[in-house]
>>> print(open('my_file.txt').read())   # compact mmCIF, C-alpha atoms
# COMPACT_ATOMS: atom_id res chain seq x y z
CA MET Z 4 140.58 115.90 213.36
CA GLU Z 5 140.53 112.23 212.58
CA GLN Z 6 143.93 110.60 212.67
CA LYS Z 7 145.18 109.24 209.38
CA THR Z 8 147.20 106.46 210.95
CA LYS Z 9 145.48 104.15 213.40
CA VAL Z 10 147.01 101.53 215.67
CA HIS Z 11 144.79 98.88 217.17
CA ALA Z 12 146.36 96.76 219.91
CA ASP Z 13 144.19 94.84 222.37
CA ALA Z 14 145.61 94.26 225.86
CA GLY Z 15 147.13 90.84 226.32
CA MET Z 16 147.12 89.95 222.60
CA GLN Z 17 150.28 89.23 220.62
CA ASP Z 18 149.35 91.14 217.48
CA LEU Z 19 148.42 94.62 216.34
CA VAL Z 20 146.88 96.27 213.30
CA ILE Z 21 148.07 99.52 211.74
CA THR Z 22 145.86 101.19 209.11
CA ARG Z 23 146.45 104.25 207.02
CA GLU Z 24 144.78 105.96 204.10
CA PHE Z 25 147.03 107.53 201.50
CA ASP Z 26 146.46 110.34 199.10
CA LEU Z 27 148.06 108.10 196.44
CA PRO Z 28 146.75 105.60 193.89
CA VAL Z 29 147.29 102.04 195.11
CA GLU Z 30 149.93 101.39 192.38
CA LEU Z 31 152.06 104.25 193.68
CA LEU Z 32 151.63 103.15 197.29
CA PHE Z 33 152.75 99.62 196.43
CA LYS Z 34 155.76 100.95 194.48
CA ALA Z 35 157.06 102.45 197.73
CA TYR Z 36 157.38 98.86 198.99
CA ALA Z 37 158.64 97.34 195.75
CA GLU Z 38 161.40 99.63 194.40
CA PRO Z 39 164.69 99.44 196.32
CA GLU Z 40 165.56 103.16 195.86
CA LEU Z 41 162.12 104.17 197.09
CA ILE Z 42 162.26 101.82 200.09
CA GLU Z 43 165.61 103.40 201.03
CA GLN Z 44 164.18 106.92 200.67
CA VAL Z 45 161.17 106.12 202.84
CA MET Z 46 163.31 104.53 205.55
CA THR Z 47 165.78 107.44 205.56
CA ASN Z 48 165.10 110.20 208.10
CA PRO Z 49 166.88 113.35 209.29
CA TYR Z 50 169.05 111.27 211.64
CA THR Z 51 169.81 108.10 209.72
CA THR Z 52 170.34 106.98 206.12
CA ALA Z 53 168.88 103.64 205.07
CA LYS Z 54 170.55 101.24 202.65
CA LEU Z 55 169.17 97.97 201.30
CA LEU Z 56 171.91 95.33 201.41
CA LYS Z 57 169.58 92.85 199.74
CA PHE Z 58 166.08 92.98 198.31
CA GLU Z 59 164.24 90.30 196.38
CA GLY Z 60 160.61 91.33 195.96
CA LYS Z 61 159.18 87.89 195.22
CA LYS Z 62 157.93 84.69 196.84
CA HIS Z 63 160.81 82.96 198.69
CA GLY Z 64 162.75 86.22 198.45
CA SER Z 65 164.47 88.00 201.30
CA TYR Z 66 165.75 91.41 202.30
CA GLN Z 67 168.22 93.08 204.61
CA LEU Z 68 168.33 96.76 205.43
CA GLU Z 69 170.69 98.88 207.49
CA SER Z 70 170.65 102.47 208.71
CA SER Z 71 173.71 104.57 209.40
CA ASP Z 72 174.05 107.79 211.35
CA GLY Z 73 175.73 110.99 210.12
CA GLN Z 74 179.17 109.54 210.92
CA GLY Z 75 178.48 106.41 208.86
CA LYS Z 76 178.11 104.20 211.91
CA VAL Z 77 175.51 101.43 211.44
CA VAL Z 78 172.86 101.95 214.10
CA PHE Z 79 170.15 99.60 212.90
CA ARG Z 80 169.97 96.46 210.82
CA ALA Z 81 166.92 94.35 210.02
CA ASN Z 82 166.15 91.41 207.78
CA GLY Z 83 163.36 89.07 206.80
CA THR Z 84 161.98 86.69 204.22
CA ILE Z 85 159.14 87.30 201.82
CA HIS Z 86 156.33 84.76 201.61
CA GLU Z 87 153.97 86.56 199.29
CA PHE Z 88 154.51 89.46 196.94
CA SER Z 89 151.39 90.24 194.89
CA PRO Z 90 151.71 93.64 193.18
CA ASN Z 91 149.17 96.24 194.38
CA LYS Z 92 147.53 93.67 196.66
CA LYS Z 93 149.55 91.95 199.32
CA ILE Z 94 152.97 91.41 200.89
CA THR Z 95 153.55 88.80 203.56
CA ARG Z 96 156.98 88.90 205.16
CA THR Z 97 158.90 88.41 208.37
CA PHE Z 98 160.84 91.20 210.07
CA GLU Z 99 163.65 90.88 212.57
CA MET Z 100 165.73 93.63 214.12
CA GLU Z 101 169.24 92.23 214.38
CA ASN Z 102 171.03 92.15 217.74
CA THR Z 103 167.89 92.97 219.71
CA PRO Z 104 165.76 90.81 222.01
CA PHE Z 105 162.55 91.56 220.06
CA GLY Z 106 162.38 88.29 218.13
CA VAL Z 107 160.81 87.81 214.72
CA GLN Z 108 157.51 89.33 213.70
CA LEU Z 109 155.19 88.23 210.90
CA GLU Z 110 153.81 91.12 208.84
CA VAL Z 111 150.86 90.96 206.45
CA TYR Z 112 150.43 94.09 204.33
CA SER Z 113 147.16 94.46 202.43
CA PHE Z 114 146.91 97.18 199.83
CA GLU Z 115 143.57 98.30 198.47
CA PRO Z 116 142.30 101.13 196.28
CA VAL Z 117 139.76 103.47 197.88
CA THR Z 118 139.24 105.74 194.88
CA GLU Z 119 141.30 106.18 191.73
CA ASP Z 120 143.67 108.52 193.58
CA THR Z 121 143.53 107.22 197.14
CA SER Z 122 144.35 103.91 198.76
CA ARG Z 123 144.49 102.11 202.07
CA LEU Z 124 147.22 100.06 203.73
CA ASN Z 125 146.34 97.53 206.39
CA MET Z 126 149.31 96.08 208.30
CA HIS Z 127 148.71 93.09 210.55
CA VAL Z 128 151.76 92.37 212.70
CA ILE Z 129 152.03 89.20 214.79
CA TYR Z 130 154.71 88.89 217.48
CA GLU Z 131 156.12 85.81 219.22
CA SER Z 132 154.27 86.68 222.44
CA ALA Z 133 152.10 89.38 223.99
CA ALA Z 134 155.03 90.46 226.17
CA GLN Z 135 157.24 90.88 223.11
CA ARG Z 136 154.59 92.94 221.33
CA ASP Z 137 154.34 95.25 224.33
CA GLU Z 138 158.13 95.69 224.37
CA VAL Z 139 158.05 96.81 220.73
CA LEU Z 140 155.08 99.11 221.42
CA LYS Z 141 156.98 100.67 224.29
CA LEU Z 142 160.10 101.43 222.19
CA PRO Z 143 159.04 104.83 220.81
CA PHE Z 144 157.47 105.65 224.18
CA ALA Z 145 160.80 104.96 225.90
CA GLN Z 146 162.72 106.85 223.20
CA GLY Z 147 160.34 109.78 223.62
CA LEU Z 148 160.98 109.76 227.36
CA ASN Z 149 164.71 109.60 226.71
CA MET Z 150 164.59 112.49 224.28
CA ALA Z 151 162.51 114.54 226.69
CA HIS Z 152 165.02 113.69 229.39
CA ASN Z 153 167.97 114.72 227.20
CA ARG Z 154 166.22 117.95 226.31
CA ILE Z 155 165.68 118.70 229.98
CA GLU Z 156 169.36 117.98 230.60
CA ASP Z 157 170.30 120.29 227.70
CA ILE Z 158 168.10 123.07 228.99
CA MET Z 159 169.27 122.59 232.58
CA GLY Z 160 172.89 122.42 231.37
CA LYS Z 161 172.52 125.74 229.55
CA ALA Z 162 170.71 127.29 232.50
CA ALA Z 163 173.60 126.19 234.74
CA LYS Z 164 176.14 127.83 232.38
CA VAL Z 165 174.22 131.12 232.32
CA LYS Z 166 174.47 131.22 236.09
CA MET G 10 163.58 100.91 237.64
CA ASN G 11 162.16 98.07 239.68
CA LEU G 12 160.81 95.57 237.15
CA ARG G 13 157.86 94.68 239.34
CA ARG G 14 156.69 98.29 239.42
CA ASP G 15 156.44 98.35 235.64
CA VAL G 16 152.72 98.75 234.81
CA PHE G 17 153.15 96.86 231.56
CA GLN G 18 154.59 93.92 233.44
CA ALA G 19 151.59 94.16 235.73
CA ILE G 20 148.97 93.94 232.99
CA ALA G 21 150.86 91.20 231.11
CA ASP G 22 149.47 88.64 233.59
CA PRO G 23 145.94 87.29 232.85
CA THR G 24 144.94 86.98 236.54
CA ARG G 25 145.94 90.57 237.19
CA ARG G 26 143.99 91.74 234.15
CA ALA G 27 140.96 89.82 235.47
CA ILE G 28 141.37 91.52 238.88
CA LEU G 29 141.44 94.95 237.20
CA LEU G 30 138.25 94.10 235.30
CA LEU G 31 136.56 92.96 238.52
CA VAL G 32 137.32 96.10 240.50
CA ALA G 33 136.58 98.37 237.52
CA SER G 34 132.86 98.25 238.33
CA GLN G 35 133.08 98.44 242.13
CA ALA G 36 135.57 98.54 245.02
CA MET G 37 136.06 95.06 246.54
CA THR G 38 137.77 93.42 249.51
CA ALA G 39 140.62 90.96 248.99
CA GLY G 40 138.31 88.13 250.06
CA ALA G 41 135.63 89.07 247.53
CA ILE G 42 138.22 89.34 244.78
CA ALA G 43 139.79 85.98 245.71
CA SER G 44 136.39 84.25 245.67
CA ASN G 45 136.32 84.83 241.89
CA PHE G 46 139.44 82.75 241.33
CA ASP G 47 140.35 79.11 241.81
CA THR G 48 143.89 80.09 242.75
CA ALA G 49 145.03 80.08 246.39
CA ARG G 50 144.29 83.18 248.44
CA PRO G 51 148.01 84.04 249.00
CA THR G 52 148.50 83.99 245.22
CA VAL G 53 145.68 86.50 244.77
CA SER G 54 147.18 88.62 247.59
CA LYS G 55 150.50 88.62 245.76
CA HIS G 56 148.80 89.83 242.56
CA LEU G 57 147.02 92.58 244.54
CA GLN G 58 150.33 93.61 246.05
CA ILE G 59 151.91 93.97 242.60
CA LEU G 60 148.94 95.98 241.31
CA ILE G 61 149.21 98.31 244.31
CA GLU G 62 152.97 98.69 243.91
CA CYS G 63 152.50 99.91 240.36
CA GLU G 64 149.58 102.12 241.43
CA LEU G 65 146.95 100.45 239.28
CA LEU G 66 144.95 99.74 242.44
CA ASP G 67 144.27 101.96 245.45
CA GLN G 68 143.47 100.69 248.96
CA GLU G 69 140.85 102.22 251.17
CA GLN G 70 140.16 101.34 254.81
CA ASN G 71 136.46 101.08 255.61
CA GLY G 72 135.90 99.97 259.21
CA ARG G 73 137.70 96.66 259.58
CA GLU G 74 137.75 95.98 255.85
CA ILE G 75 140.21 97.11 253.20
CA TYR G 76 138.64 97.84 249.83
CA TYR G 77 140.53 97.82 246.57
CA HIS G 78 139.59 100.08 243.71
CA LEU G 79 140.93 101.01 240.31
CA ASN G 80 143.20 104.01 239.80
CA PRO G 81 141.83 105.45 236.53
CA ALA G 82 144.71 107.92 236.10
CA LYS G 83 147.24 105.09 235.93
CA MET G 84 145.03 103.10 233.55
CA ARG G 85 144.97 106.15 231.28
CA GLU G 86 148.73 106.20 231.28
CA ILE G 87 148.65 102.71 229.74
CA ALA G 88 146.17 103.82 227.10
CA ASP G 89 148.39 106.79 226.23
CA PHE G 90 151.63 104.86 225.94
CA ILE G 91 150.68 103.65 222.46
CA GLU G 92 150.55 107.22 221.11
CA PRO G 93 154.33 107.62 220.46
CA PHE G 94 154.22 104.34 218.50
CA ARG G 95 151.30 105.62 216.44
CA LYS G 96 153.08 108.93 215.88
CA MET G 97 156.23 107.12 214.68
CA TRP G 98 154.21 105.27 212.03
CA ASP G 99 152.28 108.40 211.11
CA ASP G 100 155.56 110.27 210.50
CA ARG G 101 156.89 107.38 208.42
CA PHE G 102 153.71 107.19 206.30
CA ASN G 103 153.69 110.98 205.84
CA ALA G 104 157.24 110.72 204.49
CA LEU G 105 156.19 107.88 202.18
CA GLU G 106 153.28 109.94 200.87
CA ALA G 107 155.50 112.98 200.21
CA ILE G 108 158.19 110.89 198.48
CA MET G 109 155.67 109.15 196.22
CA LYS G 110 153.91 112.41 195.30
CA ASN G 111 157.26 113.86 194.35
CA TYR G 112 158.09 110.69 192.39
CA LYS G 113 154.83 110.97 190.46
CA THR G 114 155.39 114.60 189.44
CA LYS G 115 158.97 113.91 188.35
CA LYS G 116 157.82 111.25 185.91
>>> encode(input="my_file.txt", output="structure tokens")
Amino acid sequence: MEQKTKVHADAGMQDLVITREFDLPVELLFKAYAEPELIEQVMTNPYTTAKLLKFEGKKHGSYQLESSDGQGKVVFRANGTIHEFSPNKKITRTFEMENTPFGVQLEVYSFEPVTEDTSRLNMHVIYESAAQRDEVLKLPFAQGLNMAHNRIEDIMGKAAKVK
Amino acid sequence: MNLRRDVFQAIADPTRRAILLLVASQAMTAGAIASNFDTARPTVSKHLQILIECELLDQEQNGREIYYHLNPAKMREIADFIEPFRKMWDDRFNALEAIMKNYKTKK
């Protein structure tokens, strides 16, 4: 089966491209990036709840978002400025994860209709350096390893108790 | 983890990437590899050492010569490391799609 989301990252380059086709009209896809309540819903997952502290969807605007865990502890905060905000077409913004060594990334989102009911998002992300891009790419990989490790510990812990 | 053994650290360097490209087509001696670069021979040796430490290159003794060749399994590991990142975005976009479909029907 062809993958809906594609990530293209050439070795040694400091950028990457993420593309995805949506079973949504382009207006609805763009809305998910333009309405604060919808942005919060999209960024909320089973582990953390997202809250927009600030959102100005316009040229020279800026945003700040934070995520809290089940106990209300803030585990993630990010911010950026918006350089272009053209409804149903394009968003150019910066993105920075606060209190991390990952630096600032420039993100160019292009929205385009495919058919009346489907659309495509093209995200071009440029990092400060190739090394920094690779660090960000490795994050979910490292988290996956960690989770696998924790699961092994859980299983081994239980196995030890049974004995 | 020893930083130098990190494969991503290893491929971040342009000379080391060039070495990997060179030996991808055929096994080569250190001398033959070094002849492709303007850099001093000890510098190339150092790069080879790092590539061996992180298992991207294998050494093979052939008579008096040592040949270096690519370890495809380790190279594959690098290709695969992007998958969790892709999966993370795929999950996020799937959520977006579900939320927006729900939003549309509510209206």
>>> residues_around(input="my_file.txt", residues="segment 39-42 of chain Z", least_positions_apart="6", cutoff="8 Å", atoms="only C-alpha atoms", output="ChimeraX atom specification")
/Z:55,58 /G:108
>>> interface_residues(input="my_file.txt", of="chain Z", to="chain G", cutoff="6 Å", atoms="all atoms listed in the file", output="VMD selection string")
chain Z and resid 8 10 45 143 to 144
>>> atom_distance(input="my_file.txt", atom1="atom CA of Leu68 of chain Z", atom2="atom CA of Leu124 of chain Z")
21.4 Å
>>> residues_around(input="my_file.txt", residues="Ile28 of chain G", least_positions_apart="2", cutoff="12 Å", atoms="all atoms listed in the file", output="compact mmCIF listing (two decimals) with C-alpha atoms, keeping the file's coordinate frame")
# COMPACT_ATOMS: atom_id res chain seq x y z
CA ALA G 19 151.59 94.16 235.73
CA ILE G 20 148.97 93.94 232.99
CA ASP G 22 149.47 88.64 233.59
CA PRO G 23 145.94 87.29 232.85
CA THR G 24 144.94 86.98 236.54
CA ARG G 25 145.94 90.57 237.19
CA ARG G 26 143.99 91.74 234.15
CA LEU G 30 138.25 94.10 235.30
CA LEU G 31 136.56 92.96 238.52
CA VAL G 32 137.32 96.10 240.50
CA ALA G 33 136.58 98.37 237.52
CA SER G 34 132.86 98.25 238.33
CA GLN G 35 133.08 98.44 242.13
CA ALA G 36 135.57 98.54 245.02
CA MET G 37 136.06 95.06 246.54
CA THR G 38 137.77 93.42 249.51
CA ALA G 39 140.62 90.96 248.99
CA ALA G 41 135.63 89.07 247.53
CA ILE G 42 138.22 89.34 244.78
CA ALA G 43 139.79 85.98 245.71
CA SER G 44 136.39 84.25 245.67
CA ASN G 45 136.32 84.83 241.89
CA PHE G 46 139.44 82.75 241.33
CA VAL G 53 145.68 86.50 244.77
CA SER G 54 147.18 88.62 247.59
CA LYS G 55 150.50 88.62 245.76
CA HIS G 56 148.80 89.83 242.56
CA LEU G 57 147.02 92.58 244.54
CA GLN G 58 150.33 93.61 246.05
CA ILE G 59 151.91 93.97 242.60
CA LEU G 60 148.94 95.98 241.31
CA ILE G 61 149.21 98.31 244.31
CA LEU G 65 146.95 100.45 239.28
CA LEU G 66 144.95 99.74 242.44
CA TYR G 77 140.53 97.82 246.57
CA HIS G 78 139.59 100.08 243.71
CA LEU G 79 140.93 101.01 240.31
>>> closest_residue(input="my_file.txt", among="Z:Val111, Z:Met46, Z:Val117, Z:Ile94", to="Arg80 of chain Z", atoms="only C-alpha atoms")
Z:Met46
>>> atom_distance(input="my_file.txt", atom1="atom CA of Leu19 of chain Z", atom2="atom CA of Asn102 of chain Z")
22.8 Å
>>> residues_around(input="my_file.txt", residues="Leu32 of chain Z", least_positions_apart="4", cutoff="8 Å", atoms="only C-alpha atoms", output="list in words")
Phe25, Leu27, Pro28, Tyr36, Asn91 and Ser122 of chain Z; Glu106 and Met109 of chain G
>>> write_last_selection(input="my_file.txt", atoms="C-alpha atoms", output="PDB file, in the frame of the given file")
ATOM      1  CA  PHE Z  25     147.030 107.530 201.500  1.00  0.00           C
ATOM      2  CA  LEU Z  27     148.060 108.100 196.440  1.00  0.00           C
ATOM      3  CA  PRO Z  28     146.750 105.600 193.890  1.00  0.00           C
ATOM      4  CA  TYR Z  36     157.380  98.860 198.990  1.00  0.00           C
ATOM      5  CA  ASN Z  91     149.170  96.240 194.380  1.00  0.00           C
ATOM      6  CA  SER Z 122     144.350 103.910 198.760  1.00  0.00           C
TER       7      SER Z 122
ATOM      8  CA  GLU G 106     153.280 109.940 200.870  1.00  0.00           C
ATOM      9  CA  MET G 109     155.670 109.150 196.220  1.00  0.00           C
TER      10      MET G 109
END
>>> atom_distance(input="my_file.txt", atom1="atom CA of Phe105 of chain Z", atom2="atom CA of Pro90 of chain Z")
29.1 Å
>>> closest_residue(input="my_file.txt", among="Z:Val20, Z:Lys92, Z:Pro49, Z:Gly15", to="Ser132 of chain Z", atoms="all atoms listed in the file")
Z:Gly15
